[in-house]
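Text of the file query.tsv, holding TSV, C-alpha atoms:
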```
chain	number	residue	atom	x	y	z
A	1	MET	CA	26.91	-8.27	-2.37
A	2	ALA	CA	23.16	-8.36	-1.74
A	3	LEU	CA	23.37	-11.49	0.44
A	4	GLU	CA	26.36	-10.42	2.49
A	5	GLY	CA	25.66	-10.77	6.19
A	6	THR	CA	22.27	-12.46	5.66
A	7	GLY	CA	23.34	-16.10	6.04
A	8	PHE	CA	22.11	-16.89	2.52
A	9	THR	CA	24.35	-18.07	-0.30
A	10	VAL	CA	24.07	-17.99	-4.09
A	11	GLY	CA	23.05	-21.22	-5.78
A	12	THR	CA	22.40	-21.60	-9.51
A	13	ALA	CA	22.31	-18.50	-11.71
A	14	GLN	CA	20.86	-19.21	-15.15
A	15	PHE	CA	21.23	-15.61	-16.33
A	16	SER	CA	24.69	-14.74	-17.62
A	17	GLY	CA	24.26	-11.20	-18.93
A	18	TYR	CA	24.39	-7.77	-17.30
A	19	VAL	CA	21.50	-5.61	-16.11
A	20	SER	CA	21.21	-2.23	-14.40
A	21	ILE	CA	18.87	-1.98	-11.44
A	22	ASP	CA	17.49	1.07	-9.63
A	23	LEU	CA	17.70	0.50	-5.89
A	24	LYS	CA	15.40	2.57	-3.70
A	25	GLU	CA	16.51	4.07	-0.41
A	26	GLY	CA	16.22	1.65	2.49
A	27	VAL	CA	15.85	-1.42	0.27
A	28	ASN	CA	16.67	-4.74	1.96
A	29	ALA	CA	18.31	-7.87	0.57
A	30	ARG	CA	14.96	-9.35	-0.46
A	31	GLY	CA	14.14	-6.19	-2.37
A	32	VAL	CA	17.46	-6.35	-4.22
A	33	LEU	CA	16.81	-9.97	-5.22
A	34	MET	CA	13.29	-9.18	-6.42
A	35	GLU	CA	14.56	-6.27	-8.51
A	36	ILE	CA	17.25	-8.46	-10.08
A	37	ALA	CA	14.63	-11.10	-10.90
A	38	ALA	CA	12.31	-8.48	-12.40
A	39	GLN	CA	15.02	-6.94	-14.58
A	40	THR	CA	16.36	-10.29	-15.81
A	41	GLY	CA	12.95	-11.89	-16.33
A	42	CYS	CA	14.04	-14.78	-14.12
A	43	GLU	CA	12.50	-16.35	-11.03
A	44	LEU	CA	13.90	-16.85	-7.54
A	45	TYR	CA	14.17	-20.30	-6.00
A	46	PHE	CA	14.89	-20.68	-2.27
A	47	ASP	CA	16.25	-23.99	-1.00
A	48	LYS	CA	16.69	-23.41	2.72
A	49	TYR	CA	19.53	-20.83	2.79
A	50	THR	CA	20.49	-21.14	-0.87
A	51	VAL	CA	19.03	-18.71	-3.42
A	52	SER	CA	19.02	-19.51	-7.14
A	53	LEU	CA	18.07	-17.36	-10.11
A	54	LEU	CA	16.28	-19.56	-12.65
A	55	THR	CA	14.86	-18.77	-16.06
A	56	ARG	CA	11.76	-20.68	-14.93
A	57	ARG	CA	11.18	-22.64	-11.76
A	58	GLY	CA	9.00	-25.75	-11.70
A	59	GLN	CA	8.02	-28.05	-14.55
A	60	ASP	CA	5.10	-29.87	-16.13
A	61	ARG	CA	4.83	-33.23	-14.32
A	62	GLY	CA	1.42	-34.08	-15.76
A	63	VAL	CA	-0.35	-33.39	-12.45
A	64	GLN	CA	-4.12	-32.89	-12.51
A	65	PHE	CA	-6.30	-31.27	-9.88
A	66	ARG	CA	-9.68	-32.85	-10.63
A	67	LEU	CA	-12.98	-32.73	-8.78
A	68	GLY	CA	-13.71	-36.16	-7.33
A	69	LYS	CA	-10.03	-37.09	-7.32
A	70	ASN	CA	-7.88	-34.71	-5.30
A	71	LEU	CA	-9.74	-31.40	-5.64
A	72	LYS	CA	-11.67	-30.44	-2.48
A	73	GLY	CA	-12.81	-26.89	-3.21
A	74	ILE	CA	-12.24	-24.09	-5.67
A	75	VAL	CA	-12.53	-20.29	-5.75
A	76	LYS	CA	-12.07	-18.39	-9.01
A	77	ASP	CA	-10.66	-14.84	-8.97
A	78	VAL	CA	-10.78	-12.68	-12.09
A	79	ASN	CA	-9.04	-9.30	-12.35
A	80	GLY	CA	-9.67	-7.23	-15.48
A	81	GLN	CA	-8.51	-3.81	-14.23
A	82	SER	CA	-5.30	-3.85	-16.26
A	83	GLY	CA	-7.15	-4.42	-19.54
A	84	GLU	CA	-5.95	-8.02	-19.61
A	85	VAL	CA	-8.04	-10.70	-17.91
A	86	LEU	CA	-5.98	-12.21	-15.08
A	87	THR	CA	-7.43	-15.42	-13.68
A	88	ALA	CA	-6.47	-17.32	-10.56
A	89	TYR	CA	-7.90	-20.35	-8.79
A	90	GLU	CA	-7.58	-20.84	-5.04
A	91	ILE	CA	-8.08	-24.53	-4.45
A	92	GLY	CA	-7.90	-27.05	-1.64
A	93	VAL	CA	-6.20	-30.29	-2.64
A	94	VAL	CA	-5.53	-33.68	-1.14
A	95	GLU	CA	-1.85	-34.50	-1.64
A	96	LEU	CA	-2.15	-38.13	-2.66
A	97	ASN	CA	1.62	-38.54	-2.91
A	98	THR	CA	1.88	-38.29	0.90
A	99	LEU	CA	-0.23	-41.44	1.31
A	100	PRO	CA	1.71	-44.73	1.32
A	101	GLU	CA	-0.41	-46.27	-1.44
A	102	PHE	CA	0.15	-43.25	-3.73
A	103	GLU	CA	3.76	-42.47	-2.86
A	104	GLY	CA	5.51	-40.68	-5.72
A	105	LEU	CA	2.28	-40.00	-7.63
A	106	GLU	CA	0.83	-36.55	-8.31
A	107	TYR	CA	3.89	-34.83	-6.82
A	108	PHE	CA	4.07	-31.08	-7.46
A	109	GLU	CA	6.09	-28.03	-6.45
A	110	LEU	CA	5.72	-24.28	-6.55
A	111	GLY	CA	6.07	-23.06	-10.14
A	112	ASP	CA	4.83	-26.30	-11.72
A	113	THR	CA	2.34	-26.27	-14.58
A	114	VAL	CA	-0.78	-28.28	-13.69
A	115	ASP	CA	-4.24	-29.04	-15.07
A	116	ILE	CA	-7.33	-27.99	-13.14
A	117	ILE	CA	-10.53	-29.80	-14.09
A	118	ASP	CA	-14.03	-29.30	-12.72
A	119	GLU	CA	-16.71	-30.60	-15.08
A	120	GLU	CA	-19.55	-29.12	-13.00
A	121	LEU	CA	-18.15	-25.58	-13.33
A	122	GLY	CA	-16.92	-26.11	-16.88
A	123	ILE	CA	-13.28	-25.55	-15.91
A	124	ASN	CA	-10.51	-27.28	-17.82
A	125	GLU	CA	-7.38	-25.14	-17.82
A	126	GLN	CA	-3.63	-25.47	-17.56
A	127	GLN	CA	-1.86	-22.89	-15.40
A	128	ARG	CA	1.08	-22.48	-13.03
A	129	ILE	CA	1.20	-22.86	-9.27
A	130	ILE	CA	2.05	-19.43	-7.88
A	131	GLU	CA	1.29	-20.08	-4.21
A	132	TYR	CA	1.48	-23.23	-2.11
A	133	SER	CA	0.75	-23.65	1.61
A	134	TYR	CA	0.62	-26.81	3.70
A	135	SER	CA	0.87	-28.11	7.25
A	136	PRO	CA	4.43	-29.04	8.24
A	137	LYS	CA	3.08	-31.79	10.51
A	138	ARG	CA	1.09	-33.65	7.89
A	139	ARG	CA	1.15	-32.56	4.27
A	140	ILE	CA	-2.23	-33.95	3.21
A	141	ASN	CA	-4.79	-31.14	3.01
A	142	SER	CA	-3.01	-28.27	1.28
A	143	LYS	CA	-3.96	-25.02	-0.39
A	144	VAL	CA	-2.72	-24.06	-3.83
A	145	THR	CA	-3.19	-20.98	-5.99
A	146	ILE	CA	-2.74	-21.42	-9.71
A	147	ALA	CA	-2.96	-18.54	-12.16
A	148	ASN	CA	-2.05	-17.18	-15.55
A	149	TYR	CA	-0.82	-14.28	-13.38
A	150	ILE	CA	-2.06	-12.41	-10.35
A	151	GLU	CA	0.39	-10.35	-8.34
A	152	ASP	CA	1.15	-11.83	-4.97
A	153	ILE	CA	0.14	-9.64	-2.01
A	154	GLN	CA	3.73	-9.62	-0.72
A	155	ASP	CA	4.93	-8.27	-4.05
A	156	THR	CA	2.20	-5.61	-3.90
A	157	ILE	CA	3.29	-4.51	-0.43
A	158	TYR	CA	6.92	-4.40	-1.53
A	159	ARG	CA	6.03	-2.34	-4.60
A	160	ILE	CA	4.06	0.14	-2.46
A	161	GLN	CA	6.92	0.42	0.03
A	162	THR	CA	9.51	1.08	-2.66
A	163	THR	CA	7.54	3.47	-4.89
A	164	THR	CA	5.91	5.79	-2.35
A	165	VAL	CA	7.27	8.44	0.00
A	166	GLY	CA	6.41	7.83	3.65
A	167	LYS	CA	5.66	10.67	6.06
A	168	ASP	CA	8.88	12.46	7.07
A	169	LYS	CA	10.94	9.77	5.28
A	170	TRP	CA	13.61	10.77	2.76
A	171	ARG	CA	13.42	9.16	-0.70
A	172	HIS	CA	15.54	10.42	-3.61
A	173	GLY	CA	16.11	13.69	-1.75
A	174	VAL	CA	12.37	14.27	-1.17
A	175	LYS	CA	10.59	14.35	2.18
A	176	ILE	CA	6.89	14.99	2.82
A	177	GLY	CA	5.70	15.82	6.32
A	178	PRO	CA	3.07	17.80	8.24
A	179	ASP	CA	5.49	20.45	9.53
A	180	GLU	CA	7.33	21.68	6.42
A	181	GLY	CA	5.32	20.10	3.60
A	182	ILE	CA	7.46	19.04	0.64
A	183	VAL	CA	11.22	19.36	1.16
A	184	ILE	CA	13.61	18.72	-1.74
A	185	GLU	CA	17.31	18.62	-0.87
A	186	ARG	CA	20.40	18.16	-3.01
A	187	TYR	CA	22.60	15.20	-2.18
A	188	ASP	CA	25.50	17.51	-1.20
A	189	LYS	CA	23.29	19.82	0.93
A	190	MET	CA	24.21	22.83	-1.22
A	191	ALA	CA	20.59	23.66	-2.09
A	192	ARG	CA	17.12	22.97	-0.73
A	193	SER	CA	13.51	23.86	-1.58
A	194	ILE	CA	10.54	23.93	0.80
A	195	TRP	CA	6.93	23.95	-0.45
A	196	ASN	CA	3.73	24.22	1.58
A	197	ALA	CA	0.50	26.20	1.61
A	198	ASP	CA	2.02	29.09	3.61
A	199	GLU	CA	5.40	29.58	1.98
A	200	PHE	CA	7.85	28.66	-0.74
A	201	ARG	CA	11.58	28.83	-0.14
A	202	MET	CA	14.61	28.12	-2.31
A	203	GLN	CA	17.68	28.07	-0.13
A	204	LYS	CA	21.45	28.03	-0.50
A	205	GLY	CA	23.29	25.56	1.72
A	206	ASN	CA	26.83	25.33	3.05
A	207	GLY	CA	27.10	21.55	2.64
A	208	SER	CA	26.68	20.90	6.37
A	209	GLY	CA	22.92	21.29	6.70
A	210	SER	CA	22.76	25.07	7.28
A	211	TYR	CA	20.64	27.09	4.82
A	212	THR	CA	19.82	30.71	4.01
A	213	ASP	CA	16.96	31.93	1.82
A	214	SER	CA	17.66	32.84	-1.80
A	215	ILE	CA	13.97	33.15	-2.70
A	216	TYR	CA	11.11	33.48	-0.24
A	217	PHE	CA	7.41	33.70	-1.10
A	218	ASP	CA	4.76	34.50	1.51
A	219	PRO	CA	1.42	34.27	-0.36
A	220	ILE	CA	-0.71	35.19	2.66
A	221	ASN	CA	1.01	38.54	3.23
A	222	GLN	CA	1.88	38.88	-0.48
A	223	GLU	CA	5.56	39.33	0.25
A	224	TYR	CA	8.24	38.02	-2.09
A	225	GLU	CA	11.93	38.31	-1.31
A	226	PHE	CA	14.93	37.73	-3.57
A	227	THR	CA	18.60	37.94	-2.67
A	228	ARG	CA	21.30	39.05	-5.12
A	229	VAL	CA	20.54	39.31	-8.85
A	230	VAL	CA	17.09	39.22	-10.49
A	231	ARG	CA	17.05	39.13	-14.29
A	232	ALA	CA	13.91	39.58	-16.37
A	233	GLY	CA	12.95	40.74	-19.83
A	234	LYS	CA	10.13	42.90	-18.49
A	235	PHE	CA	8.68	44.00	-15.15
A	236	ILE	CA	4.99	44.90	-14.91
A	237	GLY	CA	3.61	46.16	-11.63
A	238	GLY	CA	2.10	49.03	-9.66
A	239	GLU	CA	5.02	50.61	-7.79
A	240	VAL	CA	8.77	50.29	-7.35
A	241	GLN	CA	10.35	51.13	-3.99
A	242	ILE	CA	14.09	50.81	-3.33
A	243	GLY	CA	15.04	51.88	0.16
A	244	ASP	CA	13.81	55.32	1.25
A	245	ASN	CA	15.37	57.40	-1.53
A	246	PHE	CA	14.04	55.95	-4.78
A	247	SER	CA	10.48	55.20	-5.87
A	248	VAL	CA	8.31	55.07	-8.96
A	249	ASP	CA	4.55	55.10	-8.49
A	250	GLU	CA	1.91	53.58	-10.77
A	251	THR	CA	1.55	56.87	-12.72
A	252	GLY	CA	5.25	56.79	-13.63
A	253	HIS	CA	6.25	59.56	-11.22
A	254	MET	CA	9.81	59.00	-10.00
A	255	LYS	CA	11.49	60.35	-6.88
A	256	ALA	CA	15.23	60.10	-6.33
A	257	VAL	CA	17.95	61.96	-4.42
A	258	GLY	CA	20.33	61.89	-7.36
A	259	ALA	CA	20.77	60.50	-10.84
A	260	GLU	CA	23.27	60.26	-13.67
A	261	PHE	CA	22.09	60.06	-17.27
A	262	SER	CA	23.90	59.53	-20.53
A	263	GLY	CA	22.13	60.32	-23.75
A	264	GLU	CA	19.05	62.47	-24.15
A	265	ILE	CA	16.52	63.71	-21.61
A	266	ARG	CA	13.19	64.96	-22.91
A	267	ALA	CA	10.59	66.73	-20.83
A	268	SER	CA	7.76	69.20	-21.32
A	269	THR	CA	8.72	71.05	-18.14
A	270	ILE	CA	11.88	71.03	-16.01
A	271	ASN	CA	11.64	72.70	-12.61
A	272	GLY	CA	14.63	73.16	-10.35
A	273	GLY	CA	16.75	75.55	-8.36
A	274	ASP	CA	19.89	75.31	-10.50
A	275	ILE	CA	20.62	73.89	-13.94
A	276	HIS	CA	24.28	73.31	-14.77
A	277	GLY	CA	25.74	72.20	-18.07
A	278	SER	CA	28.60	72.85	-20.45
A	279	TYR	CA	26.21	73.10	-23.38
A	280	ILE	CA	22.50	73.91	-23.37
A	281	GLU	CA	20.53	74.15	-26.60
A	282	CYS	CA	16.90	75.18	-26.72
A	283	ALA	CA	14.41	77.26	-28.67
A	284	SER	CA	13.55	79.63	-25.83
A	285	ILE	CA	14.97	80.47	-22.41
A	286	MET	CA	12.74	82.50	-20.13
A	287	GLY	CA	13.41	83.90	-16.68
A	288	SER	CA	13.54	87.07	-14.58
A	289	PHE	CA	17.36	87.03	-14.59
A	290	ILE	CA	19.63	85.29	-17.11
A	291	ARG	CA	23.44	85.17	-16.76
A	292	THR	CA	25.56	83.43	-19.39
A	293	ALA	CA	28.48	82.65	-17.05
A	294	PRO	CA	28.99	82.48	-13.28
A	295	ASN	CA	31.79	85.09	-13.43
A	296	GLY	CA	34.17	86.84	-15.80
A	297	GLU	CA	32.97	87.96	-19.17
A	298	ARG	CA	29.31	87.27	-19.45
A	299	ILE	CA	26.01	88.61	-20.57
A	300	GLU	CA	23.38	89.51	-18.04
A	301	LEU	CA	19.77	90.12	-19.04
```
Structure translated into structure tokens:
Amino acid sequence: MALEGTGFTVGTAQFSGYVSIDLKEGVNARGVLMEIAAQTGCELYFDKYTVSLLTRRGQDRGVQFRLGKNLKGIVKDVNGQSGEVLTAYEIGVVELNTLPEFEGLEYFELGDTVDIIDEELGINEQQRIIEYSYSPKRRINSKVTIANYIEDIQDTIYRIQTTTVGKDKWRHGVKIGPDEGIVIERYDKMARSIWNADEFRMQKGNGSGSYTDSIYFDPINQEYEFTRVVRAGKFIGGEVQIGDNFSVDETGHMKAVGAEFSGEIRASTINGGDIHGSYIECASIMGSFIRTAPNGERIEL
């Protein structure tokens, strides 16, 4: 349960269906509640230590914020970066309902729909209260933000915290830091990759946090190491060197201490001390001494 151990309890839940939510690493109870509200399209309502999930909090009580009545000051914020014009008004209001002679009149709560009227500025709009602050000692001069929608700064901070990777902090198996660069690790610690400007490693793990290189690239020294099997349709390069006993240079010249071939060998010239074979077929054989067999019946020329 998201509220377990927090001291909060569940109040009214006006959503009865099922939703799937993606919880980020390190998310707290507030983050879980906000994600549930976002996925259900509902709104959270806190009443002391009781949390309710409502389809819409607040109501239209017919309240007006009007210059010359209860409106003290107004600041208009317009945000058009998203392609949709988002408008908010930050206003100072006099809460008339706290005065004995106006008790019960012009009462409002967070989430209510209200009218804001300022004839001098040509403002006459109906929007919702999205932020409400007041003095707990005397609720008379309060501040209210009403908007068609502007993201609250706390929601912005939460979104940044839950969608970015902090330095040397793991998130979804990814860590970014100044020492190793980007580190990507499997959940079971059986594989890991390390990326930075000096090297690239893909490593095999033992499940306990110990790793050995399977692929290692060193771009500065132009060294690339692979363990076990490398499969490719084609290799293109200057030279091939395997140990000290086999090499092929860029002209195609091969050196080896031994070889086994099946099939056909073609060459313009074959030089060697001895040539052995059960069957040799050729147009011409030339030499200072030719013997058809090592011993027994043979022809010597």
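The environment of Leu3 of chain A within 9 Å, counting only C-alpha atoms and disregarding residues fewer than 6 places along the same chain, consists of Thr9, Val10, Ala29, Arg30 and Leu33 of chain A.
The spacing separating atom CA of Val183 of chain A from atom CA of Thr227 of chain A amounts to 20.4 Å.
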*Quick one: pull the distance between atom CA of Thr212 of chain A and atom CA of Phe200 of chain A, Å, one decimal.*
13.0 Å
*What gap, in Å, lies between atom CA of Ile21 of chain A and atom CA of Ala38 of chain A?*
9.3 Å
*Name the residues, using the chain letters and numbers of the file, that sit within 12 Å of (3.5, -28.3, -18.9) when counting all atoms listed in the file, and give them as a ChimeraX atom specification.*
/A:56-64,108,111-115,125-129
Please produce a file of the residues just selected, as a PDB file, keeping the file's coordinate frame, where the atoms kept are C-alpha atoms.
```pdb
ATOM      1  CA  ARG A  56      11.760 -20.680 -14.930  1.00  0.00           C
ATOM      2  CA  ARG A  57      11.180 -22.640 -11.760  1.00  0.00           C
ATOM      3  CA  GLY A  58       9.000 -25.750 -11.700  1.00  0.00           C
ATOM      4  CA  GLN A  59       8.020 -28.050 -14.550  1.00  0.00           C
ATOM      5  CA  ASP A  60       5.100 -29.870 -16.130  1.00  0.00           C
ATOM      6  CA  ARG A  61       4.830 -33.230 -14.320  1.00  0.00           C
ATOM      7  CA  GLY A  62       1.420 -34.080 -15.760  1.00  0.00           C
ATOM      8  CA  VAL A  63      -0.350 -33.390 -12.450  1.00  0.00           C
ATOM      9  CA  GLN A  64      -4.120 -32.890 -12.510  1.00  0.00           C
ATOM     10  CA  PHE A 108       4.070 -31.080  -7.460  1.00  0.00           C
ATOM     11  CA  GLY A 111       6.070 -23.060 -10.140  1.00  0.00           C
ATOM     12  CA  ASP A 112       4.830 -26.300 -11.720  1.00  0.00           C
ATOM     13  CA  THR A 113       2.340 -26.270 -14.580  1.00  0.00           C
ATOM     14  CA  VAL A 114      -0.780 -28.280 -13.690  1.00  0.00           C
ATOM     15  CA  ASP A 115      -4.240 -29.040 -15.070  1.00  0.00           C
ATOM     16  CA  GLU A 125      -7.380 -25.140 -17.820  1.00  0.00           C
ATOM     17  CA  GLN A 126      -3.630 -25.470 -17.560  1.00  0.00           C
ATOM     18  CA  GLN A 127      -1.860 -22.890 -15.400  1.00  0.00           C
ATOM     19  CA  ARG A 128       1.080 -22.480 -13.030  1.00  0.00           C
ATOM     20  CA  ILE A 129       1.200 -22.860  -9.270  1.00  0.00           C
TER      21      ILE A 129
END
```
*Identify, on the basis of all atoms listed in the file, every residue whose closest approach to Phe246 of chain A does not exceed 9 Å; exclude the query and any residue fewer than 6 positions from it along the same chain; express the result as a PyMOL selection string.*
chain A and resi 240+254-257
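For the set A:Ile123, A:Val85, A:Val51, A:Val19, the residue with the smallest atom-to-atom gap to Arg66 of chain A is A:Ile123, counting all atoms listed in the file.
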*Any idea what's packed within 12 Å of segment 43-50 of chain A, counting only C-alpha atoms, ignoring anything in its chain fewer than 2 positions away? Could you give it as a ChimeraX atom specification?*
/A:3,6-15,30-41,52-58,109-111,130
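Here the question is which of A:Ile140, A:Ala197, A:Ala2, A:Val75 gets nearest to Leu96 of chain A using only C-alpha atoms, and that residue is A:Ile140.
The shortest atom-to-atom distance to Asn148 of chain A, with all atoms listed in the file taken into account, belongs to A:Asp77 out of A:Asp244, A:Glu101, A:Asp77, A:Glu95.
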*Which residue, A:Glu281, A:Glu239, A:Asp22, A:Glu199, has the smallest gap to Ile220 of chain A when you use all atoms listed in the file?*
A:Glu199
